[in-house]
$ cat start.cif   # mmCIF, C-alpha atoms and all ligand atoms
data_start
#
loop_
_atom_site.label_atom_id
_atom_site.label_comp_id
_atom_site.auth_asym_id
_atom_site.auth_seq_id
_atom_site.Cartn_x
_atom_site.Cartn_y
_atom_site.Cartn_z
CA MET V 1 21.85 -26.69 -3.30
CA ALA V 2 22.17 -25.04 0.10
CA LEU V 3 24.04 -27.05 2.74
CA PRO V 4 21.87 -28.82 5.29
CA SER V 5 22.45 -27.80 8.88
CA PRO V 6 20.62 -28.52 12.11
CA ALA V 7 19.75 -24.81 12.41
CA ARG V 8 18.13 -24.78 8.97
CA ALA V 9 16.10 -27.86 9.84
CA ARG V 10 14.28 -25.94 12.59
CA THR V 11 11.14 -24.30 11.31
CA LEU V 12 9.98 -20.78 12.07
CA PRO V 13 8.34 -20.54 15.49
CA TRP V 14 4.82 -21.78 15.11
CA SER V 15 3.50 -18.66 16.85
CA TRP V 16 4.45 -16.84 13.62
CA TYR V 17 1.50 -18.58 12.03
CA TRP V 18 -1.14 -16.98 14.23
CA ASP V 19 0.42 -13.98 16.03
CA PRO V 20 -1.23 -10.71 14.82
CA GLU V 21 1.98 -8.77 15.53
CA VAL V 22 3.93 -11.02 13.13
CA ALA V 23 1.18 -10.64 10.53
CA ARG V 24 1.52 -6.86 10.86
CA ARG V 25 5.32 -7.05 10.39
CA GLU V 26 4.86 -9.25 7.32
CA GLU V 27 2.67 -6.70 5.52
CA ARG V 28 5.76 -5.04 4.12
CA LEU V 29 6.61 -8.23 2.22
CA PHE V 30 3.62 -7.57 -0.01
CA THR V 31 4.00 -3.80 -0.36
CA THR V 32 7.68 -3.89 -1.32
CA SER V 33 7.64 -6.79 -3.82
CA TRP V 34 6.31 -7.10 -7.36
CA GLN V 35 2.83 -8.58 -7.19
CA TYR V 36 1.02 -10.15 -10.15
CA VAL V 37 -2.20 -8.16 -10.59
CA GLY V 38 -3.89 -9.37 -13.78
CA PRO V 39 -3.82 -10.01 -17.53
CA LEU V 40 -2.56 -7.25 -19.80
CA GLU V 41 -5.63 -7.62 -22.04
CA LYS V 42 -7.80 -6.14 -19.26
CA ALA V 43 -5.98 -2.82 -19.67
CA ALA V 44 -5.19 -3.01 -23.37
CA GLU V 45 -6.98 0.11 -24.58
CA PRO V 46 -7.07 3.70 -23.35
CA GLY V 47 -9.64 4.04 -20.57
CA GLN V 48 -9.64 0.33 -19.73
CA PHE V 49 -8.88 -0.55 -16.10
CA PHE V 50 -8.86 -3.36 -13.55
CA THR V 51 -8.47 -3.47 -9.79
CA ALA V 52 -6.30 -5.77 -7.70
CA ARG V 53 -4.34 -5.90 -4.46
CA CYS V 54 -0.72 -5.84 -3.45
CA GLY V 55 -1.21 -7.70 -0.17
CA PRO V 56 -3.29 -5.28 1.93
CA VAL V 57 -3.09 -2.39 -0.55
CA PRO V 58 -5.85 -2.02 -3.15
CA VAL V 59 -4.52 -0.91 -6.53
CA VAL V 60 -6.03 0.12 -9.85
CA VAL V 61 -4.26 -0.43 -13.17
CA VAL V 62 -5.39 1.74 -16.07
CA ARG V 63 -4.31 2.52 -19.63
CA ASP V 64 -4.22 6.31 -20.06
CA GLU V 65 -5.17 8.31 -23.18
CA MET V 66 -1.56 8.27 -24.39
CA GLY V 67 -1.45 4.49 -24.16
CA VAL V 68 0.72 4.41 -21.03
CA LEU V 69 -0.03 1.68 -18.50
CA ARG V 70 -0.35 3.24 -15.05
CA GLY V 71 -1.01 2.03 -11.54
CA PHE V 72 -2.33 3.81 -8.48
CA VAL V 73 -3.24 3.04 -4.91
CA ASN V 74 -6.99 2.60 -5.27
CA VAL V 75 -7.87 4.89 -2.36
CA CYS V 76 -9.52 8.28 -2.71
CA ARG V 77 -7.51 11.12 -1.20
CA HIS V 78 -10.71 12.57 0.29
CA ARG V 79 -11.96 10.01 2.79
CA GLY V 80 -10.54 6.73 1.58
CA THR V 81 -13.11 5.07 -0.68
CA PRO V 82 -11.74 2.89 -3.50
CA VAL V 83 -12.14 5.05 -6.61
CA ALA V 84 -12.55 2.06 -8.93
CA SER V 85 -14.08 -1.36 -8.48
CA GLY V 86 -13.95 -4.52 -10.55
CA GLU V 87 -12.79 -3.95 -14.09
CA GLY V 88 -14.04 -2.25 -17.23
CA ARG V 89 -13.90 1.10 -18.93
CA CYS V 90 -13.71 4.43 -17.17
CA GLY V 91 -13.45 6.91 -20.06
CA THR V 92 -10.90 9.62 -19.39
CA THR V 93 -11.21 9.86 -15.61
CA LEU V 94 -11.55 7.81 -12.46
CA GLN V 95 -14.40 9.17 -10.35
CA CYS V 96 -14.85 8.29 -6.70
CA PRO V 97 -18.39 6.99 -6.05
CA TYR V 98 -18.66 8.70 -2.63
CA HIS V 99 -18.42 12.48 -3.23
CA ALA V 100 -17.33 12.47 -6.89
CA TRP V 101 -13.76 13.59 -6.59
CA THR V 102 -12.52 13.04 -10.11
CA TYR V 103 -9.00 12.05 -11.12
CA ALA V 104 -7.36 12.22 -14.55
CA LEU V 105 -5.74 8.99 -15.75
CA ASP V 106 -2.33 10.35 -14.75
CA GLY V 107 -3.67 10.33 -11.18
CA SER V 108 -3.99 14.11 -10.77
CA LEU V 109 -7.09 15.44 -9.03
CA ARG V 110 -9.09 17.17 -11.74
CA SER V 111 -12.14 18.24 -9.75
CA ALA V 112 -13.64 18.01 -6.27
CA PRO V 113 -17.21 19.32 -5.83
CA ARG V 114 -17.40 22.38 -3.50
CA SER V 115 -13.63 22.56 -3.15
CA GLY V 116 -13.82 26.13 -4.55
CA ARG V 117 -15.46 27.16 -1.26
CA GLU V 118 -12.39 26.02 0.70
CA GLU V 119 -9.54 28.37 1.42
CA GLY V 120 -6.14 26.92 0.55
CA PHE V 121 -7.50 23.77 -1.11
CA ASP V 122 -4.59 22.55 -3.24
CA PRO V 123 -5.58 19.82 -5.73
CA SER V 124 -1.98 19.42 -6.85
CA ARG V 125 -1.20 17.73 -3.52
CA LEU V 126 -4.18 15.38 -3.64
CA GLY V 127 -3.56 13.11 -6.64
CA LEU V 128 -3.84 9.33 -6.44
CA LEU V 129 -0.63 7.77 -5.17
CA PRO V 130 1.24 6.10 -8.03
CA VAL V 131 2.46 2.51 -7.90
CA ALA V 132 5.01 1.00 -10.29
CA VAL V 133 3.57 -1.28 -12.97
CA GLY V 134 5.24 -3.53 -15.51
CA SER V 135 4.53 -6.53 -17.68
CA TRP V 136 6.07 -9.80 -18.81
CA GLY V 137 4.23 -11.20 -21.84
CA PRO V 138 0.49 -11.06 -20.99
CA PHE V 139 1.07 -10.72 -17.22
CA VAL V 140 0.85 -7.36 -15.38
CA PHE V 141 2.67 -6.71 -12.10
CA ALA V 142 2.57 -3.83 -9.62
CA ASN V 143 4.87 -2.71 -6.84
CA CYS V 144 3.84 -0.17 -4.17
CA SER V 145 7.38 0.66 -3.09
CA PRO V 146 9.09 3.79 -4.43
CA GLU V 147 12.39 1.90 -4.02
CA ALA V 148 11.23 -1.09 -6.05
CA PRO V 149 13.88 -2.94 -8.04
CA SER V 150 12.95 -3.31 -11.71
CA LEU V 151 10.48 -6.03 -12.64
CA SER V 152 13.08 -7.68 -14.87
CA GLU V 153 15.51 -7.81 -11.96
CA THR V 154 12.85 -9.59 -9.90
CA LEU V 155 11.93 -12.02 -12.67
CA GLY V 156 15.61 -12.80 -13.22
CA ASP V 157 16.07 -16.05 -15.16
CA LEU V 158 12.44 -17.09 -14.81
CA PRO V 159 11.33 -16.01 -18.32
CA GLY V 160 14.28 -18.00 -19.72
CA MET V 161 13.35 -21.08 -17.70
CA VAL V 162 9.73 -20.88 -18.85
CA ALA V 163 10.87 -20.57 -22.49
CA GLU V 164 13.19 -23.54 -21.97
CA ALA V 165 10.23 -25.59 -20.75
CA GLY V 166 8.76 -25.18 -24.25
CA LEU V 167 6.42 -22.25 -23.66
CA ASP V 168 6.13 -18.98 -25.58
CA VAL V 169 4.35 -16.66 -23.13
CA GLU V 170 3.65 -14.10 -25.87
CA GLY V 171 1.38 -16.70 -27.47
CA LEU V 172 -0.74 -17.21 -24.34
CA ARG V 173 -4.22 -15.75 -23.77
CA PHE V 174 -6.08 -15.34 -20.50
CA ARG V 175 -8.87 -17.91 -20.21
CA ARG V 176 -10.05 -18.10 -16.60
CA ARG V 177 -9.51 -16.97 -12.99
CA SER V 178 -10.04 -19.33 -10.03
CA HIS V 179 -10.35 -17.86 -6.52
CA TYR V 180 -9.74 -19.69 -3.25
CA GLN V 181 -9.77 -19.02 0.47
CA LEU V 182 -8.01 -21.11 3.09
CA ALA V 183 -8.39 -21.26 6.87
CA ALA V 184 -4.62 -21.12 7.29
CA ASN V 185 -1.81 -18.62 7.58
CA TRP V 186 -0.49 -17.65 4.12
CA LYS V 187 2.96 -19.11 4.89
CA ILE V 188 1.47 -22.59 5.35
CA ALA V 189 0.00 -22.34 1.86
CA VAL V 190 3.37 -21.23 0.45
CA GLU V 191 5.30 -23.94 2.29
CA ASN V 192 2.92 -26.61 1.08
CA TYR V 193 3.60 -25.37 -2.44
CA LEU V 194 7.36 -25.55 -1.91
CA GLU V 195 7.72 -29.30 -1.40
CA CYS V 196 6.59 -32.41 -3.19
CA TYR V 197 7.51 -34.69 -0.29
CA HIS V 198 3.75 -34.92 0.28
CA CYS V 199 2.93 -35.71 -3.36
CA PRO V 200 3.15 -39.53 -3.23
CA VAL V 201 1.02 -39.50 -0.07
CA ALA V 202 -1.56 -36.86 -0.89
CA HIS V 203 -1.72 -36.40 -4.67
CA PRO V 204 -2.28 -39.76 -6.42
CA GLY V 205 -3.37 -38.07 -9.67
CA PHE V 206 -0.34 -35.78 -9.83
CA THR V 207 2.00 -38.63 -8.90
CA ALA V 208 0.53 -40.81 -11.63
CA VAL V 209 1.62 -38.22 -14.20
CA MET V 210 4.87 -36.71 -12.84
CA GLU V 211 8.13 -38.18 -11.61
CA VAL V 212 8.11 -37.25 -7.91
CA ALA V 213 10.98 -39.45 -6.64
CA PRO V 214 13.79 -37.31 -5.18
CA GLU V 215 16.29 -38.51 -7.82
CA ARG V 216 14.10 -37.17 -10.65
CA TYR V 217 12.30 -34.22 -9.10
CA ARG V 218 14.55 -31.14 -9.20
CA LEU V 219 14.52 -28.21 -6.80
CA SER V 220 16.46 -25.01 -7.45
CA GLU V 221 16.94 -21.58 -5.93
CA ALA V 222 17.56 -18.21 -7.60
CA PRO V 223 17.97 -14.86 -5.80
CA THR V 224 14.30 -13.89 -6.13
CA PHE V 225 12.47 -17.17 -6.71
CA VAL V 226 12.63 -20.93 -6.24
CA SER V 227 11.57 -23.69 -8.61
CA HIS V 228 10.52 -27.33 -8.83
CA LEU V 229 10.91 -29.26 -12.06
CA ALA V 230 8.91 -32.46 -12.40
CA PRO V 231 9.50 -34.56 -15.52
CA LEU V 232 6.53 -36.29 -17.07
CA ARG V 233 6.61 -40.04 -16.36
CA GLN V 234 7.69 -42.06 -19.37
CA ARG V 235 4.74 -44.31 -18.72
CA PRO V 236 2.07 -42.32 -16.85
CA LEU V 237 0.02 -44.52 -14.53
CA GLN V 238 -3.15 -42.64 -15.49
CA THR V 239 -4.07 -39.96 -18.01
CA PRO V 240 -6.16 -37.42 -16.08
CA TYR V 241 -5.93 -35.06 -19.07
CA PRO V 242 -4.35 -35.53 -22.52
CA LEU V 243 -0.61 -35.25 -21.87
CA GLU V 244 0.58 -34.87 -25.46
CA GLY V 245 1.98 -31.47 -26.40
CA PRO V 246 5.09 -29.34 -26.64
CA VAL V 247 5.55 -28.99 -22.86
CA GLY V 248 7.24 -32.09 -21.45
CA VAL V 249 8.02 -30.98 -17.90
CA GLY V 250 5.99 -29.61 -15.02
CA SER V 251 7.64 -26.48 -13.64
CA PHE V 252 6.41 -24.71 -10.57
CA HIS V 253 7.96 -21.48 -9.35
CA LEU V 254 7.46 -19.22 -6.36
CA ILE V 255 8.62 -15.62 -6.70
CA TRP V 256 9.27 -14.25 -3.22
CA PRO V 257 7.20 -13.93 -1.23
CA ASN V 258 3.88 -15.22 -2.54
CA LEU V 259 3.54 -15.54 -6.31
CA LYS V 260 3.01 -18.95 -7.89
CA VAL V 261 3.84 -19.58 -11.55
CA ASN V 262 2.87 -23.04 -12.83
CA VAL V 263 3.50 -24.72 -16.15
CA ASN V 264 2.16 -28.25 -16.58
CA PRO V 265 3.06 -30.84 -19.21
CA GLY V 266 0.95 -31.02 -22.34
CA GLN V 267 -0.49 -28.16 -24.37
CA PRO V 268 0.88 -24.61 -23.87
CA ASN V 269 -0.43 -23.52 -20.46
CA LEU V 270 0.57 -21.30 -17.57
CA SER V 271 -1.22 -20.35 -14.39
CA ILE V 272 -0.10 -17.47 -12.20
CA GLY V 273 -1.35 -15.84 -9.03
CA PRO V 274 -0.63 -14.73 -5.49
CA VAL V 275 -1.67 -16.06 -2.12
CA ALA V 276 -2.01 -13.34 0.50
CA PRO V 277 -3.08 -12.99 4.15
CA GLU V 278 -6.64 -12.29 5.21
CA GLY V 279 -5.63 -11.80 8.82
CA PRO V 280 -3.20 -14.05 10.72
CA GLU V 281 -5.09 -17.32 10.28
CA ARG V 282 -6.71 -17.00 6.90
CA CYS V 283 -5.46 -16.41 3.41
CA SER V 284 -6.86 -16.07 -0.07
CA GLY V 285 -5.50 -16.29 -3.54
CA PHE V 286 -6.33 -16.72 -7.18
CA LEU V 287 -4.86 -18.36 -10.24
CA ASP V 288 -5.18 -16.84 -13.69
CA TYR V 289 -5.06 -19.59 -16.31
CA PHE V 290 -3.53 -18.80 -19.70
CA PHE V 291 -3.42 -21.08 -22.73
CA ALA V 292 -2.33 -20.81 -26.34
CA ASP V 293 -5.18 -19.93 -28.71
CA THR V 294 -4.84 -23.35 -30.32
CA VAL V 295 -5.73 -25.18 -27.09
CA GLY V 296 -9.33 -26.37 -27.24
CA ASP V 297 -11.94 -25.94 -24.51
CA ASP V 298 -12.08 -29.70 -23.88
CA TRP V 299 -8.39 -29.82 -23.09
CA VAL V 300 -8.72 -26.75 -20.84
CA GLU V 301 -11.66 -28.32 -18.96
CA SER V 302 -9.95 -31.64 -18.34
CA PHE V 303 -6.67 -29.97 -17.36
CA ILE V 304 -8.40 -27.60 -14.91
CA ALA V 305 -10.33 -30.52 -13.38
CA PHE V 306 -6.95 -32.19 -12.75
CA ASP V 307 -5.51 -29.00 -11.25
CA ASP V 308 -8.60 -28.42 -9.08
CA GLN V 309 -8.32 -31.95 -7.72
CA VAL V 310 -4.74 -31.25 -6.58
CA GLY V 311 -5.92 -27.95 -5.06
CA THR V 312 -8.72 -29.69 -3.14
CA GLU V 313 -6.24 -32.21 -1.75
CA ASP V 314 -3.93 -29.37 -0.69
CA ARG V 315 -6.73 -27.42 1.02
CA SER V 316 -7.39 -30.09 3.61
CA LEU V 317 -3.64 -30.47 4.25
CA VAL V 318 -2.90 -26.79 4.91
CA GLU V 319 -6.02 -26.22 7.01
CA ALA V 320 -5.09 -29.23 9.16
CA VAL V 321 -1.55 -27.84 9.63
CA GLN V 322 -2.99 -24.56 10.91
CA ARG V 323 -5.00 -26.41 13.55
CA GLY V 324 -1.95 -28.44 14.60
CA MET V 325 0.36 -25.43 14.90
CA ARG V 326 -2.31 -23.42 16.71
CA CYS V 327 -2.96 -25.91 19.50
CA GLY V 328 -0.04 -24.42 21.42
CA VAL V 329 1.56 -27.63 22.70
CA LEU V 330 4.59 -27.52 20.36
CA ASP V 331 6.71 -24.49 19.50
CA GLU V 332 8.21 -25.50 16.17
CA GLY V 333 8.65 -28.29 13.63
CA HIS V 334 11.55 -30.06 11.90
CA LEU V 335 12.29 -29.94 8.15
CA LEU V 336 13.82 -32.74 6.07
CA LEU V 337 16.40 -30.67 4.25
CA ASP V 338 16.96 -32.98 1.31
CA SER V 339 13.30 -32.77 0.30
CA GLU V 340 12.20 -29.52 1.96
CA TRP V 341 15.13 -27.16 1.54
CA LEU V 342 13.02 -24.72 -0.48
CA ILE V 343 10.93 -24.26 2.69
CA ALA V 344 14.14 -23.57 4.63
CA ALA V 345 15.05 -20.97 1.97
CA PHE V 346 11.59 -19.38 2.25
CA GLN V 347 11.76 -19.28 6.04
CA ALA V 348 15.26 -17.73 5.90
CA TYR V 349 13.82 -15.08 3.57
CA VAL V 350 10.92 -14.35 5.93
CA ARG V 351 13.29 -14.11 8.91
CA ARG V 352 15.61 -11.78 6.99
CA GLU V 353 12.79 -9.49 5.85
CA CYS V 354 10.70 -9.49 9.02
CA GLY V 355 13.25 -9.91 11.78
CA GLY V 356 13.38 -12.59 14.43
S1 LIG X 1 -14.21 9.56 -0.37
FE1 LIG X 1 -13.83 9.85 -2.46
S2 LIG X 1 -14.93 11.64 -2.93
FE2 LIG X 1 -15.21 11.42 -0.84
FE FE X 2 0.24 -30.36 -2.75
#

$ encode --input "start.cif" --output "structure tokens"
Amino acid sequence: MALPSPARARTLPWSWYWDPEVARREERLFTTSWQYVGPLEKAAEPGQFFTARCGPVPVVVVRDEMGVLRGFVNVCRHRGTPVASGEGRCGTTLQCPYHAWTYALDGSLRSAPRSGREEGFDPSRLGLLPVAVGSWGPFVFANCSPEAPSLSETLGDLPGMVAEAGLDVEGLRFRRRSHYQLAANWKIAVENYLECYHCPVAHPGFTAVMEVAPERYRLSEAPTFVSHLAPLRQRPLQTPYPLEGPVGVGSFHLIWPNLKVNVNPGQPNLSIGPVAPEGPERCSGFLDYFFADTVGDDWVESFIAFDDQVGTEDRSLVEAVQRGMRCGVLDEGHLLLDSEWLIAAFQAYVRRECGG
């Protein structure tokens, strides 16, 4: 555990939660890190694709004819239209809907109507920009940076920790995506995720199931992610969903800067997804829920109802924080480092990466 110090207890300046210049500086956090983009099954076969975002950058992930998984910036080299939308099958090319520039699945520009009338038109310089893609179990990630570290370097010990929690990710199947939007800076959403100091106050359902006292609730930091481990109570106070199953511990991870990975006690389950800015004072995110094939729909429904309830409780908290920070009377806040040191670690990361 990092040593507490008065300097670490000071939060980031609250202006960082609404200043457009800070939001602009932070964009690089999302374009230089590995971002979860979707389930591998949506690009399992040649010609199958899906679209996503790495922060502000739209990307398309596609399986080419040779079976290679590829990623591109989803922006036409002509005038900037996204060449693909949604998900589905594209055959052997990606064709822009605006003027029909057509790209092979290796990204090269195959044809551009009327380009033969142009002197010096060089299609070899006008392919889709590649982005790095990789997968862990059924989860696909993309990274827009040419200097990206490997995905496995970024994931570090996380796959081992998830396996230790009793989960075989190879046995999980995508079941559902939930979207959300929040009237708050993205860092408020992340910081809310990084502490369970608020759990006894704000999440009675969660607290009825998990041990949230500081002696039992474990926080840990790795070079590229931080984790909470919440043991299941020996005698849960309520049973919001059936708790029996091979997973006995709740584990909640944040891969820098914005990717949540959640495993809850009970049947084999994992939810994963980013939260990203929609301007300085709004953010949006999604969670992709995966379960083992053996997990029945009833279990999934009752578990997701539990998870949604926690999410609803968190929404009102983070949106209220945005209003408080924004009022302009106070410049910063104060962290309790025993319970909130993962927030201090996150804020140190943001300072290091974005200056200030
Ligand atoms: S913008 Fe894509 S073909 Fe014109
Ligand atoms: Fe919460």

$ residues_around --input "start.cif" --residues "stretch 184-188 of chain V" --least-positions-apart "4" --cutoff "10 Å" --atoms "only C-alpha atoms" --output "VMD selection string"
chain V and resid 16 to 19 23 192 to 194 257 to 258 275 to 285 315 317 to 323 326 343 346 to 347 350

$ write_last_selection --input "start.cif" --atoms "C-alpha atoms" --output "PDB file, in the frame of the given file"
ATOM      1  CA  TRP V  16       4.450 -16.840  13.620  1.00  0.00           C
ATOM      2  CA  TYR V  17       1.500 -18.580  12.030  1.00  0.00           C
ATOM      3  CA  TRP V  18      -1.140 -16.980  14.230  1.00  0.00           C
ATOM      4  CA  ASP V  19       0.420 -13.980  16.030  1.00  0.00           C
ATOM      5  CA  ALA V  23       1.180 -10.640  10.530  1.00  0.00           C
ATOM      6  CA  ASN V 192       2.920 -26.610   1.080  1.00  0.00           C
ATOM      7  CA  TYR V 193       3.600 -25.370  -2.440  1.00  0.00           C
ATOM      8  CA  LEU V 194       7.360 -25.550  -1.910  1.00  0.00           C
ATOM      9  CA  PRO V 257       7.200 -13.930  -1.230  1.00  0.00           C
ATOM     10  CA  ASN V 258       3.880 -15.220  -2.540  1.00  0.00           C
ATOM     11  CA  VAL V 275      -1.670 -16.060  -2.120  1.00  0.00           C
ATOM     12  CA  ALA V 276      -2.010 -13.340   0.500  1.00  0.00           C
ATOM     13  CA  PRO V 277      -3.080 -12.990   4.150  1.00  0.00           C
ATOM     14  CA  GLU V 278      -6.640 -12.290   5.210  1.00  0.00           C
ATOM     15  CA  GLY V 279      -5.630 -11.800   8.820  1.00  0.00           C
ATOM     16  CA  PRO V 280      -3.200 -14.050  10.720  1.00  0.00           C
ATOM     17  CA  GLU V 281      -5.090 -17.320  10.280  1.00  0.00           C
ATOM     18  CA  ARG V 282      -6.710 -17.000   6.900  1.00  0.00           C
ATOM     19  CA  CYS V 283      -5.460 -16.410   3.410  1.00  0.00           C
ATOM     20  CA  SER V 284      -6.860 -16.070  -0.070  1.00  0.00           C
ATOM     21  CA  GLY V 285      -5.500 -16.290  -3.540  1.00  0.00           C
ATOM     22  CA  ARG V 315      -6.730 -27.420   1.020  1.00  0.00           C
ATOM     23  CA  LEU V 317      -3.640 -30.470   4.250  1.00  0.00           C
ATOM     24  CA  VAL V 318      -2.900 -26.790   4.910  1.00  0.00           C
ATOM     25  CA  GLU V 319      -6.020 -26.220   7.010  1.00  0.00           C
ATOM     26  CA  ALA V 320      -5.090 -29.230   9.160  1.00  0.00           C
ATOM     27  CA  VAL V 321      -1.550 -27.840   9.630  1.00  0.00           C
ATOM     28  CA  GLN V 322      -2.990 -24.560  10.910  1.00  0.00           C
ATOM     29  CA  ARG V 323      -5.000 -26.410  13.550  1.00  0.00           C
ATOM     30  CA  ARG V 326      -2.310 -23.420  16.710  1.00  0.00           C
ATOM     31  CA  ILE V 343      10.930 -24.260   2.690  1.00  0.00           C
ATOM     32  CA  PHE V 346      11.590 -19.380   2.250  1.00  0.00           C
ATOM     33  CA  GLN V 347      11.760 -19.280   6.040  1.00  0.00           C
ATOM     34  CA  VAL V 350      10.920 -14.350   5.930  1.00  0.00           C
TER      35      VAL V 350
END

$ residues_around --input "start.cif" --residues "V:Pro236" --least-positions-apart "4" --cutoff "10 Å" --atoms "only C-alpha atoms" --output "NGL selection string"
:V and (205-211 or 232 or 240 or 243)

$ write_last_selection --input "start.cif" --atoms "C-alpha atoms" --output "PDB file, in the frame of the given file"
ATOM      1  CA  GLY V 205      -3.370 -38.070  -9.670  1.00  0.00           C
ATOM      2  CA  PHE V 206      -0.340 -35.780  -9.830  1.00  0.00           C
ATOM      3  CA  THR V 207       2.000 -38.630  -8.900  1.00  0.00           C
ATOM      4  CA  ALA V 208       0.530 -40.810 -11.630  1.00  0.00           C
ATOM      5  CA  VAL V 209       1.620 -38.220 -14.200  1.00  0.00           C
ATOM      6  CA  MET V 210       4.870 -36.710 -12.840  1.00  0.00           C
ATOM      7  CA  GLU V 211       8.130 -38.180 -11.610  1.00  0.00           C
ATOM      8  CA  LEU V 232       6.530 -36.290 -17.070  1.00  0.00           C
ATOM      9  CA  PRO V 240      -6.160 -37.420 -16.080  1.00  0.00           C
ATOM     10  CA  LEU V 243      -0.610 -35.250 -21.870  1.00  0.00           C
TER      11      LEU V 243
END

$ closest_residue --input "start.cif" --among "V:Gly67, V:Gly55, V:Pro97, V:Pro39" --to "ligand LIG 1 (chain X)" --atoms "all atoms listed in the file"
V:Pro97

$ closest_residue --input "start.cif" --among "V:Thr224, V:Thr312, V:Ser339, V:Asn269" --to "ligand FE 2 (chain X)" --atoms "all atoms listed in the file"
V:Thr312

$ atom_distance --input "start.cif" --atom1 "atom CA of V:Leu336" --atom2 "atom CA of V:Trp256"
21.2 Å

$ residues_near_ligand --input "start.cif" --ligand "ligand LIG 1 (chain X)" --cutoff "9 Å" --atoms "all atoms listed in the file" --output "PyMOL selection string"
chain V and resi 75-83+95-102+112-113

$ closest_residue --input "start.cif" --among "V:His203, V:His334, V:Arg8, V:Arg70" --to "ligand FE 2 (chain X)" --atoms "only C-alpha atoms and all ligand atoms"
V:His203

$ closest_residue --input "start.cif" --among "V:Ser227, V:Ser111, V:Asn74, V:Thr31" --to "V:Ser124" --atoms "all atoms listed in the file"
V:Ser111

$ closest_residue --input "start.cif" --among "V:Leu342, V:Ala348, V:Val310, V:Val37" --to "ligand FE 2 (chain X)" --atoms "all atoms listed in the file"
V:Val310

$ build_atoms --input "start.cif" --residues "stretch 312-324 of chain V" --atoms "N, CA and C atoms" --output "JSON list (two decimals), in the coordinates of the input"
[["chain", "number", "residue", "atom", "x", "y", "z"],
["V", 312, "THR", "N", -7.81, -29.21, -4.19],
["V", 312, "THR", "CA", -8.72, -29.69, -3.14],
["V", 312, "THR", "C", -7.95, -30.54, -2.13],
["V", 313, "GLU", "N", -7.06, -31.38, -2.65],
["V", 313, "GLU", "CA", -6.24, -32.21, -1.75],
["V", 313, "GLU", "C", -5.35, -31.32, -0.87],
["V", 314, "ASP", "N", -4.79, -30.27, -1.46],
["V", 314, "ASP", "CA", -3.93, -29.37, -0.69],
["V", 314, "ASP", "C", -4.71, -28.58, 0.37],
["V", 315, "ARG", "N", -5.93, -28.21, 0.05],
["V", 315, "ARG", "CA", -6.73, -27.42, 1.02],
["V", 315, "ARG", "C", -6.82, -28.14, 2.36],
["V", 316, "SER", "N", -7.20, -29.42, 2.33],
["V", 316, "SER", "CA", -7.39, -30.09, 3.61],
["V", 316, "SER", "C", -6.05, -30.23, 4.34],
["V", 317, "LEU", "N", -4.95, -30.36, 3.60],
["V", 317, "LEU", "CA", -3.64, -30.47, 4.25],
["V", 317, "LEU", "C", -3.27, -29.17, 4.98],
["V", 318, "VAL", "N", -3.38, -28.04, 4.29],
["V", 318, "VAL", "CA", -2.90, -26.79, 4.91],
["V", 318, "VAL", "C", -3.83, -26.36, 6.06],
["V", 319, "GLU", "N", -5.11, -26.61, 5.92],
["V", 319, "GLU", "CA", -6.02, -26.22, 7.01],
["V", 319, "GLU", "C", -5.77, -27.09, 8.25],
["V", 320, "ALA", "N", -5.41, -28.34, 8.02],
["V", 320, "ALA", "CA", -5.09, -29.23, 9.16],
["V", 320, "ALA", "C", -3.80, -28.76, 9.84],
["V", 321, "VAL", "N", -2.81, -28.34, 9.05],
["V", 321, "VAL", "CA", -1.55, -27.84, 9.63],
["V", 321, "VAL", "C", -1.83, -26.64, 10.53],
["V", 322, "GLN", "N", -2.69, -25.74, 10.08],
["V", 322, "GLN", "CA", -2.99, -24.56, 10.91],
["V", 322, "GLN", "C", -3.53, -24.99, 12.27],
["V", 323, "ARG", "N", -4.42, -25.97, 12.27],
["V", 323, "ARG", "CA", -5.00, -26.41, 13.55],
["V", 323, "ARG", "C", -3.93, -27.03, 14.43],
["V", 324, "GLY", "N", -3.00, -27.80, 13.82],
["V", 324, "GLY", "CA", -1.95, -28.44, 14.60],
["V", 324, "GLY", "C", -0.99, -27.42, 15.21]]
